[in-house]
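Engineer: So that you have it, the file is protein_22.txt, and it contains compact mmCIF, C-alpha atoms:
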```txt
# COMPACT_ATOMS: atom_id res chain seq x y z
CA MET A 1 106.43 66.14 82.50
CA HIS A 2 106.86 68.32 85.60
CA ILE A 3 109.17 71.32 85.35
CA TYR A 4 110.88 72.50 88.56
CA ILE A 5 112.38 75.98 88.49
CA PHE A 6 114.84 76.76 91.28
CA ASP A 7 115.27 80.48 91.94
CA TYR A 8 118.70 82.09 91.76
CA PHE A 9 118.99 82.77 95.50
CA LEU A 10 118.90 79.01 96.13
CA LYS A 11 122.48 78.79 94.84
CA GLN A 12 123.60 80.15 98.22
CA LYS A 13 125.40 77.59 100.34
CA LYS A 14 122.87 77.79 103.17
CA TYR A 15 120.16 76.39 100.87
CA GLU A 16 122.24 73.46 99.51
CA LYS A 17 120.81 70.88 101.92
CA ILE A 18 117.22 72.10 101.46
CA VAL A 19 117.47 71.89 97.65
CA ALA A 20 118.96 68.38 97.86
CA LYS A 21 116.20 67.35 100.26
CA ILE A 22 113.49 68.67 97.92
CA GLU A 23 114.96 66.81 94.94
CA THR A 24 115.10 63.56 96.94
CA ARG A 25 111.57 63.96 98.26
CA LEU A 26 110.15 64.62 94.77
CA THR A 27 111.87 61.49 93.47
CA ASP A 28 110.52 59.45 96.40
CA LEU A 29 106.99 60.62 95.59
CA GLY A 30 107.41 59.74 91.91
CA LEU A 31 107.14 63.40 90.96
CA ASN A 32 110.55 63.75 89.37
CA GLY A 33 110.79 65.91 86.29
CA LYS A 34 113.14 68.40 84.72
CA ASN A 35 115.06 70.59 87.17
CA CYS A 36 115.95 74.05 85.87
CA HIS A 37 118.07 76.54 87.80
CA VAL A 38 117.82 80.29 87.32
CA GLY A 39 121.27 81.79 86.74
CA PRO A 40 122.93 85.04 85.75
CA LEU A 41 122.53 84.20 82.06
CA LYS A 42 119.19 82.39 82.27
CA SER A 43 116.18 84.16 83.72
CA LEU A 44 113.09 82.45 85.07
CA THR A 45 111.06 83.98 82.24
CA SER A 46 113.31 82.53 79.53
CA ILE A 47 113.26 79.09 81.20
CA VAL A 48 109.46 79.09 81.36
CA ARG A 49 109.11 80.23 77.74
CA ASP A 50 111.43 77.46 76.55
CA GLU A 51 109.76 74.74 78.62
CA LEU A 52 106.19 75.73 77.71
CA LYS A 53 106.95 74.58 74.15
CA ASN A 54 107.09 70.98 75.50
CA ASN A 55 103.58 71.18 77.03
CA PRO A 56 104.58 70.41 80.63
CA LYS A 57 102.07 68.81 83.01
CA THR A 58 103.03 71.20 85.81
CA VAL A 59 105.43 74.09 86.30
CA VAL A 60 106.65 74.39 89.89
CA ALA A 61 108.49 77.41 91.31
CA ILE A 62 110.94 76.72 94.12
CA GLY A 63 111.62 79.96 95.97
CA ASN A 64 109.48 82.73 97.45
CA ASN A 65 106.75 85.30 96.61
CA SER A 66 109.02 86.93 94.04
CA THR A 67 109.66 83.58 92.29
CA LEU A 68 105.93 82.90 92.15
CA ASN A 69 105.20 86.38 90.77
CA GLN A 70 107.82 85.93 88.03
CA LEU A 71 106.31 82.55 87.16
CA ILE A 72 102.72 83.81 86.78
CA ASN A 73 103.98 86.65 84.59
CA SER A 74 105.90 84.23 82.37
CA LEU A 75 103.00 81.90 81.57
CA GLU A 76 101.56 84.22 78.92
CA GLY A 77 98.01 83.21 79.83
CA LEU A 78 98.53 79.49 79.14
CA PRO A 79 96.39 77.23 81.36
CA VAL A 80 99.22 75.05 82.65
CA PRO A 81 98.84 74.26 86.38
CA ILE A 82 101.53 75.71 88.60
CA GLY A 83 102.86 74.80 92.02
CA ILE A 84 105.08 76.42 94.63
CA ILE A 85 107.68 74.95 96.97
CA PRO A 86 108.47 77.69 99.50
CA VAL A 87 112.08 78.09 100.65
CA GLY A 88 113.38 80.82 102.98
CA ALA A 89 111.58 84.02 103.95
CA ASN A 90 108.89 86.08 102.14
CA ASN A 91 106.58 83.14 101.51
CA GLU A 92 103.23 84.43 102.78
CA ILE A 93 101.46 83.61 99.50
CA SER A 94 102.32 79.91 99.61
CA ARG A 95 101.17 79.79 103.25
CA SER A 96 97.81 81.22 102.16
CA PHE A 97 97.61 78.31 99.70
CA GLY A 98 97.88 75.95 102.67
CA ILE A 99 101.57 75.12 102.11
CA LYS A 100 103.64 75.43 105.27
CA ASP A 101 107.13 74.44 104.17
CA GLU A 102 109.07 72.50 101.54
CA ASP A 103 108.10 69.07 102.96
CA ASP A 104 104.44 70.02 103.02
CA ALA A 105 104.72 71.44 99.49
CA CYS A 106 105.94 68.10 98.09
CA ASN A 107 102.95 66.33 99.67
CA VAL A 108 100.60 68.98 98.25
CA LEU A 109 102.08 68.48 94.77
CA SER A 110 101.54 64.75 95.15
CA ALA A 111 97.87 65.21 96.15
CA ARG A 112 97.47 67.56 93.14
CA LEU A 113 94.40 69.51 94.29
CA ILE A 114 94.01 72.17 91.59
CA GLU A 115 92.05 75.40 92.06
CA THR A 116 91.40 78.10 89.46
CA ILE A 117 91.74 81.62 90.81
CA ASP A 118 91.63 85.23 89.60
CA LEU A 119 94.76 87.33 89.25
CA GLY A 120 95.07 91.04 89.81
CA VAL A 121 96.47 92.98 86.86
CA ILE A 122 98.41 96.20 87.30
CA ASN A 123 99.79 97.89 84.18
CA ASN A 124 99.74 94.50 82.35
CA GLN A 125 101.62 92.79 85.19
CA TYR A 126 99.87 90.05 87.19
CA PHE A 127 99.77 89.75 90.97
CA ILE A 128 98.29 87.07 93.22
CA SER A 129 97.89 88.72 96.61
CA SER A 130 98.06 92.50 96.71
CA ALA A 131 99.38 95.80 95.41
CA LYS A 132 100.41 98.40 98.02
CA ILE A 133 101.37 102.06 97.91
CA GLN A 134 101.66 104.97 100.36
CA ASN A 135 98.63 107.22 100.12
CA LYS A 136 100.49 110.57 100.26
CA GLU A 137 99.50 112.68 97.25
CA THR A 138 97.53 109.77 95.82
CA VAL A 139 94.22 109.99 93.95
CA ILE A 140 92.17 106.88 93.19
CA GLU A 141 89.59 106.66 90.43
CA ILE A 142 86.98 103.90 90.62
CA ASN A 143 85.10 102.54 87.58
CA ASN A 144 85.66 105.91 85.81
CA GLN A 145 82.80 107.22 87.99
CA TYR A 146 84.23 108.77 91.12
CA THR A 147 87.52 109.68 92.76
CA ILE A 148 88.76 109.06 96.27
CA GLU A 149 91.38 111.19 97.99
CA PRO A 150 92.80 110.22 101.39
CA THR A 151 93.16 113.26 103.65
CA GLY A 152 96.15 112.09 105.69
CA PRO A 153 99.19 109.80 105.74
CA GLY A 154 98.69 106.05 105.49
CA ASN A 155 98.56 103.23 102.99
CA ILE A 156 96.52 101.94 100.10
CA GLU A 157 96.27 98.21 99.58
CA ILE A 158 94.46 96.55 96.68
CA ILE A 159 93.84 92.90 97.49
CA ASN A 160 93.01 89.89 95.32
CA LEU A 161 93.97 87.25 97.90
CA ASN A 162 94.32 88.41 101.50
CA ILE A 163 97.38 86.61 102.83
CA LYS A 164 96.73 87.79 106.39
CA GLY A 165 94.44 84.91 107.25
CA LYS A 166 90.94 83.55 107.16
CA ASN A 167 87.71 85.41 107.96
CA ASN A 168 88.26 88.21 105.52
CA ARG A 169 86.26 89.51 102.59
CA SER A 170 88.75 88.87 99.85
CA ASN A 171 87.97 85.94 97.61
CA PRO A 172 90.27 85.27 94.64
CA ARG A 173 87.36 83.75 92.73
CA ASP A 174 84.80 86.58 92.86
CA GLY A 175 86.16 88.77 90.04
CA LEU A 176 86.62 91.69 92.43
CA LEU A 177 89.47 93.43 94.20
CA GLU A 178 89.20 94.92 97.68
CA LEU A 179 90.59 98.43 98.03
CA TYR A 180 91.60 99.23 101.62
CA ILE A 181 92.60 102.80 102.49
CA THR A 182 94.12 103.39 105.93
CA VAL A 183 94.76 106.89 107.23
CA SER A 184 96.64 107.61 110.46
CA GLN A 185 95.18 110.37 112.61
CA GLY A 186 96.49 112.04 115.77
CA GLY A 187 99.92 112.03 117.38
CA ILE A 188 102.37 109.32 118.37
CA ILE A 189 100.58 108.43 121.61
CA THR A 190 96.94 108.81 120.56
CA LYS A 191 97.25 107.29 117.11
CA ASN A 192 93.98 106.44 115.46
CA ILE A 193 93.71 104.61 112.14
CA ASP A 194 90.69 105.24 109.93
CA LYS A 195 89.83 102.59 107.38
CA SER A 196 87.84 102.56 104.17
CA LEU A 197 86.86 99.60 102.01
CA ILE A 198 85.65 99.58 98.42
CA GLN A 199 85.21 96.64 96.04
CA SER A 200 85.87 97.15 92.33
CA ASN A 201 87.48 95.59 89.28
CA ASN A 202 88.52 98.86 87.63
CA ILE A 203 90.83 101.11 89.63
CA ILE A 204 93.23 103.81 88.47
CA VAL A 205 95.78 105.10 90.97
CA ASN A 206 97.84 108.21 90.39
CA ASN A 207 100.58 109.20 92.80
CA LEU A 208 101.65 112.81 92.28
CA ILE A 209 105.07 112.30 93.92
CA HIS A 210 105.76 109.19 91.81
CA LYS A 211 105.92 106.57 94.54
CA ASP A 212 105.83 102.98 93.27
CA PHE A 213 103.38 100.15 93.97
CA ILE A 214 104.75 96.95 95.52
CA ILE A 215 102.98 93.83 94.24
CA ASP A 216 103.07 90.47 96.01
CA ASN A 217 105.51 91.99 98.54
CA SER A 218 108.26 91.70 95.96
CA VAL A 219 107.99 93.69 92.70
CA GLU A 220 107.83 97.47 92.17
CA ILE A 221 105.39 98.97 89.64
CA LYS A 222 105.40 102.61 88.52
CA THR A 223 102.38 104.92 88.81
CA PRO A 224 99.98 105.95 87.34
CA ALA A 225 98.64 102.42 87.49
CA GLN A 226 95.54 100.86 85.98
CA ILE A 227 94.41 97.92 88.08
CA GLY A 228 91.87 95.25 87.20
CA VAL A 229 91.10 91.53 87.46
CA ALA A 230 91.96 88.65 85.12
CA LYS A 231 89.11 86.29 85.97
CA GLU A 232 89.98 82.59 86.47
CA ARG A 233 93.42 83.13 84.98
CA LEU A 234 95.58 80.84 87.13
CA LYS A 235 95.40 77.10 87.84
CA ILE A 236 97.32 76.45 91.03
CA ILE A 237 98.02 73.35 93.13
CA ILE A 238 96.96 74.10 96.69
CA GLY A 239 96.77 72.43 100.08
CA ARG A 240 93.63 71.58 102.01
CA GLU A 241 94.45 74.25 104.60
CA ARG A 242 94.13 77.12 102.13
CA ILE A 243 92.52 80.32 103.42
CA PHE A 244 89.89 80.73 100.68
CA MET B 18 60.82 100.71 112.41
CA PHE B 19 63.67 98.66 110.95
CA LYS B 20 63.37 94.91 110.81
CA THR B 21 65.98 92.76 112.52
CA ASP B 22 67.17 91.24 109.23
CA LYS B 23 67.96 94.73 107.96
CA ASN B 24 70.20 95.23 111.03
CA SER B 25 72.20 92.18 110.07
CA GLU B 26 72.55 93.42 106.49
CA PHE B 27 74.54 96.41 107.76
CA LYS B 28 77.07 94.08 109.33
CA GLU B 29 77.86 92.80 105.85
CA ALA B 30 78.60 96.24 104.40
CA GLU B 31 80.48 95.94 101.13
CA THR B 32 81.66 99.52 101.04
CA ILE B 33 82.91 101.75 103.82
CA ILE B 34 83.86 105.36 103.15
CA GLY B 35 85.97 106.19 106.22
CA PRO B 36 86.17 109.58 107.96
CA SER B 37 89.55 110.41 106.42
CA VAL B 38 88.71 110.16 102.72
CA LYS B 39 87.02 112.52 100.28
CA VAL B 40 84.87 111.06 97.52
CA GLU B 41 83.88 113.10 94.46
CA GLY B 42 81.69 111.88 91.61
CA ASP B 43 78.86 109.46 91.12
CA PHE B 44 79.11 106.58 93.54
CA VAL B 45 77.03 103.61 92.38
CA GLY B 46 76.98 100.48 94.53
CA GLN B 47 74.96 97.27 94.80
CA GLY B 48 75.59 96.32 98.39
CA ASN B 49 75.33 97.93 101.80
CA LEU B 50 77.23 101.17 102.26
CA ILE B 51 78.58 103.00 105.30
CA VAL B 52 79.63 106.63 104.82
CA GLU B 53 81.66 108.39 107.52
CA GLY B 54 83.67 110.78 105.34
CA VAL B 55 83.06 113.57 102.83
CA VAL B 56 81.12 112.85 99.63
CA LYS B 57 80.34 115.27 96.79
CA GLY B 58 78.28 114.22 93.79
CA SER B 59 75.70 111.46 94.07
CA VAL B 60 75.36 108.25 96.05
CA LYS B 61 73.22 105.40 94.78
CA THR B 62 73.03 101.87 96.13
CA ASP B 63 70.58 98.99 95.88
CA GLY B 64 71.46 98.05 99.44
CA ASN B 65 71.22 99.85 102.77
CA LEU B 66 72.99 103.09 103.63
CA LYS B 67 74.35 104.26 106.95
CA VAL B 68 75.64 107.82 107.22
CA GLY B 69 77.86 108.32 110.31
CA ASP B 70 77.77 111.38 112.55
CA GLN B 71 81.12 112.73 111.25
CA SER B 72 80.11 112.57 107.60
CA LYS B 73 79.40 115.55 105.36
CA ILE B 74 77.60 114.76 102.15
CA GLU B 75 76.83 117.21 99.35
CA ALA B 76 75.06 114.78 97.09
CA SER B 77 71.74 113.35 96.08
CA ILE B 78 71.18 109.99 97.75
CA ALA B 79 69.25 106.88 96.71
CA ALA B 80 69.16 103.63 98.71
CA ALA B 81 66.89 100.81 99.82
CA ASN B 82 66.91 101.81 103.51
CA ALA B 83 68.96 104.42 105.36
CA ILE B 84 70.02 105.57 108.80
CA ILE B 85 71.41 109.09 108.82
CA SER B 86 73.41 110.67 111.62
CA GLY B 87 75.54 113.20 109.70
CA GLU B 88 75.04 116.22 107.44
CA ILE B 89 73.46 115.93 104.00
CA LYS B 90 72.92 118.76 101.51
CA GLY B 91 70.93 117.15 98.74
CA ASP B 92 67.78 115.18 98.00
CA ILE B 93 67.22 111.78 99.59
CA ASN B 94 65.27 109.02 97.87
CA ILE B 95 64.68 105.88 99.95
CA LYS B 96 62.62 102.90 98.80
CA GLY B 97 61.91 101.58 102.29
CA ASP B 98 62.72 102.93 105.74
CA LEU B 99 64.54 106.15 106.62
CA GLU B 100 65.76 107.01 110.09
CA LEU B 101 67.18 110.39 111.07
CA THR B 102 69.04 110.18 114.38
CA ALA B 103 69.46 113.10 116.81
CA GLY B 104 72.67 114.28 115.10
CA ALA B 105 71.26 114.31 111.56
CA LYS B 106 71.13 117.60 109.60
CA ILE B 107 69.34 117.52 106.28
CA TRP B 108 69.02 120.32 103.75
CA GLY B 109 67.01 118.83 100.90
CA ASP B 110 63.85 117.00 99.96
CA ILE B 111 63.08 113.49 101.20
CA GLU B 112 61.09 110.80 99.41
CA THR B 113 60.59 107.60 101.38
CA GLU B 114 58.10 104.93 102.39
CA THR B 115 58.44 105.33 106.16
CA ILE B 116 60.39 107.82 108.26
CA CYS B 117 61.55 108.09 111.85
CA ILE B 118 62.95 111.43 113.03
CA ALA B 119 64.65 111.55 116.42
CA ARG B 120 64.38 114.55 118.73
CA GLY B 121 67.23 116.90 117.93
CA ALA B 122 67.47 116.06 114.23
CA PHE B 123 67.39 119.00 111.79
CA PHE B 124 65.43 118.76 108.56
CA SER B 125 64.79 121.59 106.11
CA GLY B 126 62.94 120.52 102.98
CA LYS B 127 59.91 118.75 101.64
CA CYS B 128 59.02 115.18 102.64
CA THR B 129 57.01 112.90 100.35
CA MET B 130 55.77 109.53 101.63
CA ASN B 131 55.12 106.60 99.27
CA ASP B 132 52.76 103.63 99.66
CA ILE B 133 52.01 104.33 103.29
CA ASN B 134 48.69 102.43 103.10
CA ASN B 135 50.44 99.17 102.32
CA LYS B 136 52.90 99.45 105.19
CA LYS B 137 52.28 97.44 108.36
CA PRO B 138 53.49 98.78 111.73
CA GLU B 139 56.75 97.13 112.74
CA GLU B 140 58.83 96.84 115.81
CA ASN B 141 61.35 99.64 116.26
CA ASN B 142 64.83 98.14 116.13
CA ASN B 143 67.30 100.96 116.04
CA ILE B 144 70.59 100.38 114.26
CA GLY B 145 73.23 102.36 116.02
CA GLU B 146 76.82 102.60 117.09
CA LYS B 147 77.03 98.88 117.92
CA GLU B 148 76.73 97.79 114.28
CA MET B 149 79.16 100.48 113.16
CA LYS B 150 81.69 99.36 115.79
CA GLU B 151 81.35 95.68 114.83
CA GLU B 152 81.94 96.55 111.17
CA LYS B 153 85.05 98.58 112.01
CA GLU B 154 86.44 95.76 114.15
CA LYS B 155 85.92 93.31 111.30
CA ILE B 156 87.83 95.57 108.90
CA GLU B 157 90.64 96.06 111.43
CA GLU B 158 91.06 92.29 111.70
CA GLU B 159 91.40 92.04 107.94
CA ILE B 160 94.07 94.73 107.58
```
Translate the structure described by the file into structure tokens.
Structural biologist:
Amino acid sequence: MHIYIFDYFLKQKKYEKIVAKIETRLTDLGLNGKNCHVGPLKSLTSIVRDELKNNPKTVVAIGNNSTLNQLINSLEGLPVPIGIIPVGANNEISRSFGIKDEDDACNVLSARLIETIDLGVINNQYFISSAKIQNKETVIEINNQYTIEPTGPGNIEIINLNIKGKNNRSNPRDGLLELYITVSQGGIITKNIDKSLIQSNNIIVNNLIHKDFIIDNSVEIKTPAQIGVAKERLKIIIGRERIF
Amino acid sequence: MFKTDKNSEFKEAETIIGPSVKVEGDFVGQGNLIVEGVVKGSVKTDGNLKVGDQSKIEASIAAANAIISGEIKGDINIKGDLELTAGAKIWGDIETETICIARGAFFSGKCTMNDINNKKPEENNNIGEKEMKEEKEKIEEEI
């Protein structure tokens, strides 16, 4: 049986028609299953834990990047295929899976093209795309062998799946993360951005002013953070237009 | 001195140490490496190494092939070809198979050449700013 988990924000009136349309479309495609709605007394995690006992064929998150991140962190490593139906903003991850909108997502679920990908792990929390932090007062340790210290303001981004498009180095099936360090140099007019790139699967980041990481553009994680790769951890239903 | 296929290998650099980062410790890599920043410790890669003109390295270096334009205080061990461009400043011993030193480069140390009798003369294909620029542009597109 398919399990469909509708995120809490979809209870807003402006999403009523979209939710109804998704339910109709899934029925038309013969993909109907159990619809579960996240509420104030029922979290996505508790829904997933309950439903996993019934060995579902697929668990589908209806929502955004945050919904998807909660879902992957609720699976407890079980190999059940997951899907995403993007609704509203903050849906870059589903677009990188070749899913443009809710209509497209239903067709993708029907085609059921399943890919196994790596997940990033930061302090025992999974992420699909990236973990970002400001690089002020930040020290990075790679493979317990050497440290990297940015010498100016900028950002640090650790990428498993680059959601910014094709033609990039990141591959969520290579067992490696790409560490990008950007440092801004110069003034407002003559701004120059220096970039560094390192590949690793064992990164420790310590921020001395206790800034947080943001994973998958949605969830905050405290530092110091140990970051690695969970190889081939997630089975996900993707579209043919995926970027990897 | 450098073969054309080695030029293309630099375009696929797996690691780039930019000019605004400091690296301390033992860097061990398997792919091609571009260093433009500050490195203290040791640098070892199975691939090719390019040291930019802004870089300052206080480390021993080991790589398959290397092009050096910056400052290095430490010993350099290269399996294949080593090129020192006009801006290169080296304080340390060099061990390599072939070497090309441009006019204006500074080198203070001992140089040991390996297997020179087995080496055939090759066309001189300098790897310069063009490859570095292409690599930077590729990274900028990704970020």
Engineer: Neighbouring residues of region 180-186 of chain A were defined as those with any atom within 6 Å, considering only C-alpha atoms; residues of the same chain fewer than 6 positions away were excluded. Please report them as a ChimeraX atom specification.
Structural biologist: /A:152-157,192-197
Engineer: Could the residues of chain B within 6 Å of chain A, counting all atoms listed in the file, be given as a PyMOL selection string, please?
Structural biologist: chain B and resi 32-35+37-43+159
Engineer: Just how far from CA of Arg173 (chain A) is CA of Gln134 (chain A), in Å to one decimal?
Structural biologist: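 Between these atoms lies a distance of 26.7 Å.
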Engineer: Expressed in Å to a single decimal, how great is the separation between CA of Trp108 (chain B) and CA of Asn82 (chain B)?
Structural biologist: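 Those two atoms sit 18.6 Å apart.
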Engineer: Can you tell me which residues surround region 66-80 of chain B at a distance of at most 7 Å, considering only C-alpha atoms, apart from same-chain residues fewer than 3 positions away, and format the answer as a short mmCIF file (atom, residue, chain, number, x, y, z; two decimals) with C-alpha atoms, keeping the file's coordinate frame?
Structural biologist:
```cif
data_model
loop_
_atom_site.label_atom_id
_atom_site.label_comp_id
_atom_site.auth_asym_id
_atom_site.auth_seq_id
_atom_site.Cartn_x
_atom_site.Cartn_y
_atom_site.Cartn_z
CA PRO B 36 86.17 109.58 107.96
CA ASN B 49 75.33 97.93 101.80
CA LEU B 50 77.23 101.17 102.26
CA ILE B 51 78.58 103.00 105.30
CA VAL B 52 79.63 106.63 104.82
CA GLU B 53 81.66 108.39 107.52
CA GLY B 54 83.67 110.78 105.34
CA VAL B 55 83.06 113.57 102.83
CA VAL B 56 81.12 112.85 99.63
CA LYS B 57 80.34 115.27 96.79
CA GLY B 58 78.28 114.22 93.79
CA SER B 59 75.70 111.46 94.07
CA VAL B 60 75.36 108.25 96.05
CA LYS B 61 73.22 105.40 94.78
CA THR B 62 73.03 101.87 96.13
CA ASP B 63 70.58 98.99 95.88
CA ALA B 83 68.96 104.42 105.36
CA ILE B 84 70.02 105.57 108.80
CA ILE B 85 71.41 109.09 108.82
CA SER B 86 73.41 110.67 111.62
CA GLY B 87 75.54 113.20 109.70
CA GLU B 88 75.04 116.22 107.44
CA ILE B 89 73.46 115.93 104.00
CA LYS B 90 72.92 118.76 101.51
CA GLY B 91 70.93 117.15 98.74
CA ASP B 92 67.78 115.18 98.00
CA ILE B 93 67.22 111.78 99.59
CA ASN B 94 65.27 109.02 97.87
CA ILE B 95 64.68 105.88 99.95
CA LYS B 96 62.62 102.90 98.80
CA GLY B 104 72.67 114.28 115.10
#
```
Engineer: So which residues touch Cys128 (chain B) within 12 Å, counting only C-alpha atoms, skipping near sequence neighbours fewer than 4 positions away, as a ChimeraX atom specification?
Structural biologist: /B:92-95,99,107-118,124
Engineer: Have a look at CA of Lys136 (chain A) and CA of Ser218 (chain A) and let me know their distance in Å, one decimal.
Structural biologist: 20.9 Å
Engineer: Produce the centre coordinates and the three edge lengths, each in Å to one decimal, of the box along x, y and z that contains all listed atoms of region 226-239 of chain A with 6 Å added on each side, as lines of an AutoDock Vina configuration file.
Structural biologist:
```
center_x = 93.6
center_y = 86.6
center_z = 92.5
size_x = 20.9
size_y = 40.4
size_z = 27.1
```
Engineer: Looking at A:Phe213, A:Tyr4, A:Tyr126, A:Phe97, which one is nearest to Asn73 (chain A), with distances taken over all atoms listed in the file?
Structural biologist: A:Tyr126
Engineer: Would you mind listing what lies within 10 Å of region 238-240 of chain A as a PDB file with C-alpha atoms, keeping the file's coordinate frame, with only C-alpha atoms counted and same-chain residues fewer than 5 positions away left out?
Structural biologist:
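That gives us around_9.pdb:
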```
ATOM      1  CA  ILE A  82     101.530  75.710  88.600  1.00  0.00           C
ATOM      2  CA  GLY A  83     102.860  74.800  92.020  1.00  0.00           C
ATOM      3  CA  ILE A  84     105.080  76.420  94.630  1.00  0.00           C
ATOM      4  CA  SER A  94     102.320  79.910  99.610  1.00  0.00           C
ATOM      5  CA  ARG A  95     101.170  79.790 103.250  1.00  0.00           C
ATOM      6  CA  SER A  96      97.810  81.220 102.160  1.00  0.00           C
ATOM      7  CA  PHE A  97      97.610  78.310  99.700  1.00  0.00           C
ATOM      8  CA  GLY A  98      97.880  75.950 102.670  1.00  0.00           C
ATOM      9  CA  ILE A  99     101.570  75.120 102.110  1.00  0.00           C
ATOM     10  CA  LYS A 100     103.640  75.430 105.270  1.00  0.00           C
ATOM     11  CA  ASP A 104     104.440  70.020 103.020  1.00  0.00           C
ATOM     12  CA  ALA A 105     104.720  71.440  99.490  1.00  0.00           C
ATOM     13  CA  ASN A 107     102.950  66.330  99.670  1.00  0.00           C
ATOM     14  CA  VAL A 108     100.600  68.980  98.250  1.00  0.00           C
ATOM     15  CA  LEU A 109     102.080  68.480  94.770  1.00  0.00           C
ATOM     16  CA  ALA A 111      97.870  65.210  96.150  1.00  0.00           C
ATOM     17  CA  ARG A 112      97.470  67.560  93.140  1.00  0.00           C
ATOM     18  CA  LEU A 113      94.400  69.510  94.290  1.00  0.00           C
ATOM     19  CA  ILE A 114      94.010  72.170  91.590  1.00  0.00           C
ATOM     20  CA  GLU A 115      92.050  75.400  92.060  1.00  0.00           C
ATOM     21  CA  THR A 116      91.400  78.100  89.460  1.00  0.00           C
TER      22      THR A 116
END
```
Engineer: Which residues are near Ile122 (chain A)? Cut-off 8 Å, all atoms listed in the file, ignore same chain within fewer than 2 positions. Put them as a list in words.
Structural biologist: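 So the residues in contact are Gly120, Asn124, Gln125, Tyr126, Phe127, Ile221, Ala225, Gln226, Ile227 and Gly228 of chain A.
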Engineer: Export region 63-76 of chain A, N, CA and C atoms, as an mmCIF file, in the first residue's frame; it's the structure right above.
Structural biologist:
```cif
data_model
loop_
_atom_site.group_PDB
_atom_site.id
_atom_site.type_symbol
_atom_site.label_atom_id
_atom_site.label_comp_id
_atom_site.auth_asym_id
_atom_site.auth_seq_id
_atom_site.Cartn_x
_atom_site.Cartn_y
_atom_site.Cartn_z
ATOM 1 N N GLY A 63 4.620 18.105 0.242
ATOM 2 C CA GLY A 63 5.057 19.313 0.939
ATOM 3 C C GLY A 63 6.278 19.910 0.266
ATOM 4 N N ASN A 64 7.311 20.187 1.057
ATOM 5 C CA ASN A 64 8.497 20.872 0.517
ATOM 6 C C ASN A 64 9.791 20.206 1.012
ATOM 7 N N ASN A 65 10.915 20.923 0.889
ATOM 8 C CA ASN A 65 12.219 20.369 1.311
ATOM 9 C C ASN A 65 12.188 19.903 2.758
ATOM 10 N N SER A 66 11.533 20.688 3.604
ATOM 11 C CA SER A 66 11.474 20.365 5.030
ATOM 12 C C SER A 66 10.711 19.052 5.257
ATOM 13 N N THR A 67 9.612 18.872 4.524
ATOM 14 C CA THR A 67 8.816 17.642 4.630
ATOM 15 C C THR A 67 9.661 16.437 4.244
ATOM 16 N N LEU A 68 10.402 16.602 3.139
ATOM 17 C CA LEU A 68 11.247 15.515 2.643
ATOM 18 C C LEU A 68 12.351 15.187 3.650
ATOM 19 N N ASN A 69 12.940 16.230 4.242
ATOM 20 C CA ASN A 69 14.003 15.993 5.228
ATOM 21 C C ASN A 69 13.464 15.254 6.455
ATOM 22 N N GLN A 70 12.260 15.659 6.904
ATOM 23 C CA GLN A 70 11.656 14.949 8.047
ATOM 24 C C GLN A 70 11.394 13.490 7.700
ATOM 25 N N LEU A 71 10.958 13.251 6.455
ATOM 26 C CA LEU A 71 10.643 11.876 6.043
ATOM 27 C C LEU A 71 11.899 10.997 6.047
ATOM 28 N N ILE A 72 12.999 11.501 5.456
ATOM 29 C CA ILE A 72 14.207 10.650 5.385
ATOM 30 C C ILE A 72 14.772 10.375 6.777
ATOM 31 N N ASN A 73 14.517 11.304 7.703
ATOM 32 C CA ASN A 73 15.010 11.105 9.070
ATOM 33 C C ASN A 73 14.058 10.263 9.922
ATOM 34 N N SER A 74 12.903 9.915 9.368
ATOM 35 C CA SER A 74 11.950 9.088 10.101
ATOM 36 C C SER A 74 11.994 7.625 9.667
ATOM 37 N N LEU A 75 12.704 7.354 8.572
ATOM 38 C CA LEU A 75 12.677 5.996 8.004
ATOM 39 C C LEU A 75 13.503 4.986 8.796
ATOM 40 N N GLU A 76 14.382 5.481 9.642
ATOM 41 C CA GLU A 76 15.229 4.632 10.489
ATOM 42 C C GLU A 76 16.028 3.616 9.669
#
```
